[in-house]
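Structure data (mmCIF, C-alpha atoms) from input29.cif:
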data_input
loop_
_atom_site.label_atom_id
_atom_site.label_comp_id
_atom_site.auth_asym_id
_atom_site.auth_seq_id
_atom_site.Cartn_x
_atom_site.Cartn_y
_atom_site.Cartn_z
CA MET M 1 19.58 1.02 -6.81
CA THR M 2 17.10 2.39 -9.35
CA ASP M 3 14.69 4.90 -7.89
CA ILE M 4 11.15 3.57 -7.64
CA PRO M 5 8.51 6.00 -8.97
CA ALA M 6 6.45 7.71 -6.32
CA VAL M 7 2.98 9.22 -5.97
CA ASP M 8 2.53 12.78 -4.75
CA LEU M 9 -0.03 12.66 -1.95
CA GLY M 10 -0.90 16.32 -2.18
CA GLY M 11 1.08 18.28 0.35
CA GLY M 12 2.17 15.22 2.30
CA PRO M 13 5.01 12.81 1.57
CA THR M 14 5.53 11.04 -1.73
CA MET M 15 4.57 7.35 -1.64
CA PRO M 16 6.90 4.86 -3.38
CA MET M 17 4.80 2.88 -5.84
CA VAL M 18 6.34 -0.47 -4.87
CA GLY M 19 5.94 -1.36 -1.21
CA PHE M 20 6.46 -4.43 0.94
CA GLY M 21 3.28 -5.95 2.35
CA THR M 22 3.41 -7.67 5.75
CA TRP M 23 -0.04 -9.25 6.15
CA GLN M 24 0.22 -12.70 7.80
CA LEU M 25 3.89 -12.18 8.65
CA GLY M 26 4.75 -12.35 12.33
CA GLY M 27 7.59 -12.81 14.78
CA ARG M 28 11.08 -13.65 13.57
CA ARG M 29 9.75 -14.49 10.11
CA ALA M 30 8.36 -10.97 9.75
CA TYR M 31 11.50 -9.34 11.10
CA GLU M 32 13.81 -11.23 8.74
CA ALA M 33 11.59 -10.63 5.71
CA ILE M 34 11.35 -6.89 6.41
CA ARG M 35 15.09 -6.58 7.02
CA TYR M 36 15.79 -8.34 3.73
CA ALA M 37 13.25 -6.17 1.92
CA LEU M 38 14.99 -3.05 3.21
CA ASP M 39 18.37 -4.45 2.17
CA VAL M 40 17.04 -5.17 -1.34
CA GLY M 41 15.84 -1.58 -1.68
CA TYR M 42 12.20 -1.38 -0.61
CA ARG M 43 11.49 2.01 0.98
CA HIS M 44 7.78 1.53 1.63
CA ILE M 45 6.57 -0.89 4.32
CA ASP M 46 2.85 -1.59 4.79
CA THR M 47 1.53 -2.86 8.13
CA ALA M 48 -1.63 -2.53 10.24
CA THR M 49 -2.71 -2.72 13.86
CA MET M 50 -4.57 -5.97 13.15
CA TYR M 51 -1.45 -7.58 11.60
CA ARG M 52 0.20 -7.52 15.04
CA ASN M 53 3.64 -7.04 13.55
CA GLU M 54 4.22 -3.31 13.97
CA HIS M 55 6.90 -4.09 16.57
CA GLU M 56 8.79 -6.22 14.04
CA VAL M 57 8.54 -3.44 11.44
CA GLY M 58 9.96 -0.93 13.93
CA GLN M 59 12.71 -3.29 15.04
CA ALA M 60 13.72 -4.12 11.47
CA LEU M 61 13.94 -0.45 10.52
CA GLY M 62 15.81 0.40 13.72
CA ASP M 63 18.36 -2.36 13.08
CA SER M 64 18.92 -1.23 9.49
CA ASP M 65 21.36 1.48 8.43
CA LEU M 66 18.50 3.62 7.15
CA ASP M 67 17.30 6.89 8.63
CA ARG M 68 13.62 7.07 9.55
CA ASP M 69 12.86 9.59 6.81
CA GLU M 70 14.19 7.23 4.13
CA VAL M 71 11.34 4.75 4.62
CA PHE M 72 7.62 5.34 4.01
CA ILE M 73 5.59 3.52 6.68
CA THR M 74 1.86 2.82 6.41
CA THR M 75 -0.30 1.43 9.19
CA LYS M 76 -4.05 1.08 9.59
CA LEU M 77 -6.73 1.53 12.23
CA PRO M 78 -9.20 -1.35 12.71
CA PRO M 79 -12.79 -0.11 12.32
CA GLY M 80 -13.64 -1.47 15.76
CA ASN M 81 -11.19 1.07 17.22
CA ALA M 82 -13.07 4.03 15.77
CA GLY M 83 -13.79 5.35 19.27
CA ARG M 84 -10.14 5.29 20.31
CA ALA M 85 -8.27 6.53 17.29
CA ARG M 86 -5.73 8.62 19.21
CA ALA M 87 -4.88 5.78 21.59
CA THR M 88 -4.57 3.32 18.72
CA LEU M 89 -2.21 5.57 16.79
CA SER M 90 -0.13 6.15 19.93
CA GLU M 91 0.18 2.40 20.39
CA SER M 92 1.21 1.99 16.76
CA LEU M 93 3.86 4.69 17.07
CA ARG M 94 5.33 3.03 20.18
CA ALA M 95 5.45 -0.35 18.46
CA LEU M 96 6.95 1.14 15.30
CA GLN M 97 9.49 3.12 17.36
CA THR M 98 8.73 6.34 15.50
CA ASP M 99 7.17 9.74 16.16
CA TYR M 100 4.96 9.61 13.05
CA VAL M 101 3.73 7.38 10.25
CA ASP M 102 3.76 8.51 6.66
CA LEU M 103 0.29 7.18 5.89
CA TRP M 104 -2.49 6.17 8.28
CA LEU M 105 -5.51 4.39 6.85
CA ILE M 106 -8.96 3.42 8.12
CA HIS M 107 -8.65 -0.31 7.46
CA TRP M 108 -12.35 -0.89 6.68
CA PRO M 109 -15.35 1.43 6.86
CA PRO M 110 -16.69 1.54 10.44
CA ARG M 111 -20.38 1.62 11.22
CA ARG M 112 -22.08 4.44 9.32
CA SER M 113 -22.54 6.78 12.30
CA ALA M 114 -18.81 6.57 13.15
CA SER M 115 -17.40 7.17 9.68
CA VAL M 116 -17.38 10.97 9.46
CA PRO M 117 -16.38 11.60 13.11
CA LEU M 118 -13.49 9.15 12.65
CA TRP M 119 -12.35 10.92 9.49
CA ARG M 120 -12.43 14.23 11.37
CA GLU M 121 -10.26 12.68 14.10
CA PHE M 122 -7.83 11.42 11.45
CA ARG M 123 -7.53 14.97 10.13
CA THR M 124 -6.86 16.31 13.63
CA LEU M 125 -4.11 13.79 14.31
CA ARG M 126 -2.59 14.49 10.89
CA ASP M 127 -2.57 18.20 11.63
CA GLU M 128 -0.80 17.45 14.92
CA GLY M 129 1.99 15.73 12.98
CA LEU M 130 1.38 12.17 14.18
CA CYS M 131 0.74 11.04 10.62
CA ARG M 132 1.82 12.83 7.46
CA SER M 133 -1.01 11.66 5.19
CA ILE M 134 -4.36 10.00 5.80
CA GLY M 135 -6.50 7.70 3.73
CA VAL M 136 -8.81 4.73 3.70
CA SER M 137 -8.87 1.08 2.70
CA ASN M 138 -11.68 -1.04 1.25
CA TYR M 139 -13.92 2.02 0.70
CA SER M 140 -16.43 2.42 -2.11
CA ILE M 141 -16.61 5.64 -4.12
CA ALA M 142 -19.87 6.52 -2.34
CA GLN M 143 -18.19 6.12 1.05
CA ILE M 144 -15.30 8.32 -0.08
CA ASP M 145 -17.76 10.96 -1.30
CA GLU M 146 -19.50 10.92 2.08
CA LEU M 147 -16.26 11.82 3.87
CA THR M 148 -15.43 14.52 1.35
CA ALA M 149 -18.90 16.09 1.45
CA ALA M 150 -18.85 16.25 5.24
CA THR M 151 -15.32 17.59 5.73
CA GLY M 152 -14.19 19.12 2.45
CA GLU M 153 -11.22 16.76 2.25
CA GLN M 154 -10.95 13.50 0.36
CA PRO M 155 -8.67 10.64 1.44
CA ALA M 156 -5.21 10.78 -0.12
CA VAL M 157 -5.28 7.02 -0.77
CA ASN M 158 -7.76 4.17 -1.06
CA GLN M 159 -6.07 0.78 -0.60
CA ILE M 160 -8.16 -1.90 -2.29
CA PRO M 161 -7.68 -5.45 -3.61
CA TRP M 162 -6.44 -5.22 -7.18
CA SER M 163 -5.17 -7.51 -9.92
CA PRO M 164 -5.80 -8.01 -13.66
CA SER M 165 -8.88 -10.09 -12.85
CA ARG M 166 -10.31 -7.12 -10.93
CA TYR M 167 -9.53 -4.53 -13.58
CA ASP M 168 -12.24 -1.86 -13.66
CA PRO M 169 -11.36 1.26 -15.70
CA ALA M 170 -14.46 3.13 -14.47
CA LEU M 171 -13.40 2.62 -10.86
CA LEU M 172 -9.88 3.85 -11.60
CA ALA M 173 -11.31 6.89 -13.38
CA ALA M 174 -13.60 7.67 -10.43
CA HIS M 175 -10.62 7.70 -8.07
CA ALA M 176 -8.60 9.86 -10.46
CA ASP M 177 -11.47 12.33 -10.81
CA ARG M 178 -11.47 12.75 -7.03
CA GLY M 179 -7.70 12.99 -6.66
CA VAL M 180 -7.53 9.75 -4.65
CA ALA M 181 -4.50 7.53 -5.29
CA VAL M 182 -5.24 3.82 -5.71
CA GLU M 183 -3.04 1.35 -3.86
CA GLY M 184 -3.52 -2.32 -4.73
CA TYR M 185 -3.18 -5.18 -2.28
CA SER M 186 -3.24 -8.95 -2.90
CA PRO M 187 -2.00 -8.39 -6.47
CA LEU M 188 -0.89 -11.99 -6.92
CA ASN M 189 -3.50 -13.85 -4.87
CA GLY M 190 -6.20 -12.89 -7.33
CA THR M 191 -4.18 -13.91 -10.39
CA ARG M 192 -3.66 -17.26 -12.07
CA LEU M 193 0.09 -17.04 -12.63
CA ARG M 194 0.00 -20.00 -15.04
CA GLU M 195 -2.24 -18.09 -17.44
CA PRO M 196 -0.78 -18.59 -20.97
CA VAL M 197 -0.87 -14.84 -21.71
CA LEU M 198 1.20 -14.15 -18.61
CA ALA M 199 3.68 -16.88 -19.47
CA GLU M 200 4.07 -15.54 -23.00
CA ILE M 201 4.66 -11.95 -21.88
CA ALA M 202 7.00 -13.05 -19.08
CA ASP M 203 9.06 -15.13 -21.51
CA ARG M 204 9.31 -12.23 -23.93
CA HIS M 205 10.75 -9.97 -21.22
CA GLN M 206 12.73 -12.73 -19.46
CA VAL M 207 10.97 -12.12 -16.15
CA THR M 208 8.49 -14.07 -14.01
CA PRO M 209 4.70 -13.98 -14.45
CA ALA M 210 4.49 -12.37 -10.99
CA GLN M 211 6.77 -9.55 -12.13
CA VAL M 212 4.54 -9.01 -15.17
CA VAL M 213 1.47 -8.65 -12.94
CA LEU M 214 3.23 -6.22 -10.62
CA ARG M 215 4.58 -4.18 -13.53
CA TRP M 216 1.04 -4.05 -14.95
CA HIS M 217 0.01 -2.18 -11.79
CA LEU M 218 2.71 0.43 -12.34
CA GLU M 219 1.71 0.86 -15.99
CA HIS M 220 -1.76 1.84 -14.71
CA GLY M 221 -0.33 4.21 -12.07
CA ILE M 222 -1.34 1.94 -9.18
CA THR M 223 0.89 1.52 -6.15
CA VAL M 224 1.41 -2.16 -5.36
CA ILE M 225 2.43 -3.93 -2.13
CA PRO M 226 3.38 -7.57 -2.78
CA LYS M 227 4.11 -9.78 0.22
CA SER M 228 6.46 -12.74 0.57
CA SER M 229 8.77 -14.28 3.15
CA HIS M 230 10.98 -15.93 0.51
CA PRO M 231 14.15 -13.92 -0.25
CA ASP M 232 14.15 -14.75 -3.97
CA ARG M 233 10.54 -13.58 -4.38
CA ILE M 234 11.07 -10.51 -2.22
CA LYS M 235 13.92 -9.54 -4.52
CA SER M 236 12.20 -10.32 -7.83
CA ASN M 237 8.99 -8.56 -6.75
CA PHE M 238 11.03 -5.39 -6.35
CA ASP M 239 12.79 -5.69 -9.71
CA LEU M 240 10.12 -4.03 -11.80
CA LEU M 241 12.02 -1.23 -13.52
CA SER M 242 14.32 -3.34 -15.68
CA PHE M 243 11.48 -3.83 -18.17
CA SER M 244 8.19 -2.24 -19.22
CA LEU M 245 5.04 -3.48 -20.88
CA THR M 246 3.82 -2.28 -24.25
CA PRO M 247 0.34 -0.78 -24.50
CA ALA M 248 -0.77 -3.93 -26.35
CA GLU M 249 0.54 -6.15 -23.54
CA VAL M 250 -1.21 -4.02 -20.92
CA ALA M 251 -4.47 -4.29 -22.86
CA ARG M 252 -4.18 -8.08 -23.04
CA LEU M 253 -3.68 -8.25 -19.29
CA ASP M 254 -6.64 -5.92 -18.73
CA HIS M 255 -8.85 -8.62 -20.23
CA LEU M 256 -7.55 -11.61 -18.27
#
Can you dump the structure from the file as structure tokens?
Amino acid sequence: MTDIPAVDLGGGPTMPMVGFGTWQLGGRRAYEAIRYALDVGYRHIDTATMYRNEHEVGQALGDSDLDRDEVFITTKLPPGNAGRARATLSESLRALQTDYVDLWLIHWPPRRSASVPLWREFRTLRDEGLCRSIGVSNYSIAQIDELTAATGEQPAVNQIPWSPSRYDPALLAAHADRGVAVEGYSPLNGTRLREPVLAEIADRHQVTPAQVVLRWHLEHGITVIPKSSHPDRIKSNFDLLSFSLTPAEVARLDHL
């Protein structure tokens, strides 16, 4: 298995840049998809309290031949649980059958008065070893700056919707300037996979249009977490290192 590139989260773990998303997967379907993803080679699984599939993630990992420290696990706190962060994380850890998660995110910004106190609580629980890195999801740059100004520490990650149609170089630069890694979700939902440019590039590299989109994320240094319950797509979505895009191809996709 070819090693997937990883992002250094600044003193915490390194985050594999290709992960397996689990949104809208539940029950046996989730379990089987996650087990297959682990068998294919994924070592980064993304879940959330609101997905209600943390138990399936934990069971799939426990039934695999992998040690806990071989797999990077992300989960997320719903903003409505801002007042019970410790209890929510404890529930997640029990469901995931682990003593820690590698990355814990605030799923959406909570109400303004709760934002900074919640971030302080995230830092406390990180320092206690219950999560190795902490970050946010669906935050604006201004909201990130508010956390940093109040506590002196920026999120390690901001997980946001991303695809060629959402390409915004100024937003990427703003994250890079602050040392915040960008992780893209819904990379394929926001893309017209029948776009002629995609078909042309895919044909040139003998891959699928979906693989081209996912590889485009890696060319920009963005971690990507595609989701599927179909074995063939799970496998092809992970096969992103057998080809690369030229700078000209990346630029064409930037303007889709």
For M:Ala150: contacts at 12 Å, only C-alpha atoms, fewer than 5 positions along chain excluded, given as a ChimeraX atom specification: /M:115-120,143-145
Atomic distance atom CA of M:Arg215 - atom CA of M:Pro247, expressed in Å with one decimal: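 Computing the Euclidean distance for atom CA of M:Arg215 and atom CA of M:Pro247 yields 12.2 Å.
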Picked residues, the PyMOL selection byres ((chain M and resi 75-87) around 8), expected as JSON, numbers by chain: {"M": [46, 47, 48, 49, 50, 73, 74, 88, 89, 90, 91, 92, 101, 103, 104, 105, 106, 107, 108, 109, 110, 111, 114, 118, 121, 122, 125]}
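Closest approach to M:Lys227 among M:Leu214, M:Cys131, M:Leu96, M:Val180: M:Leu214, based on all atoms listed in the file.
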Atom pair atom CA of M:Asp39 / atom CA of M:Leu66: separation (Å):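 Atom-to-atom, atom CA of M:Asp39 and atom CA of M:Leu66 are spaced 9.5 Å apart.
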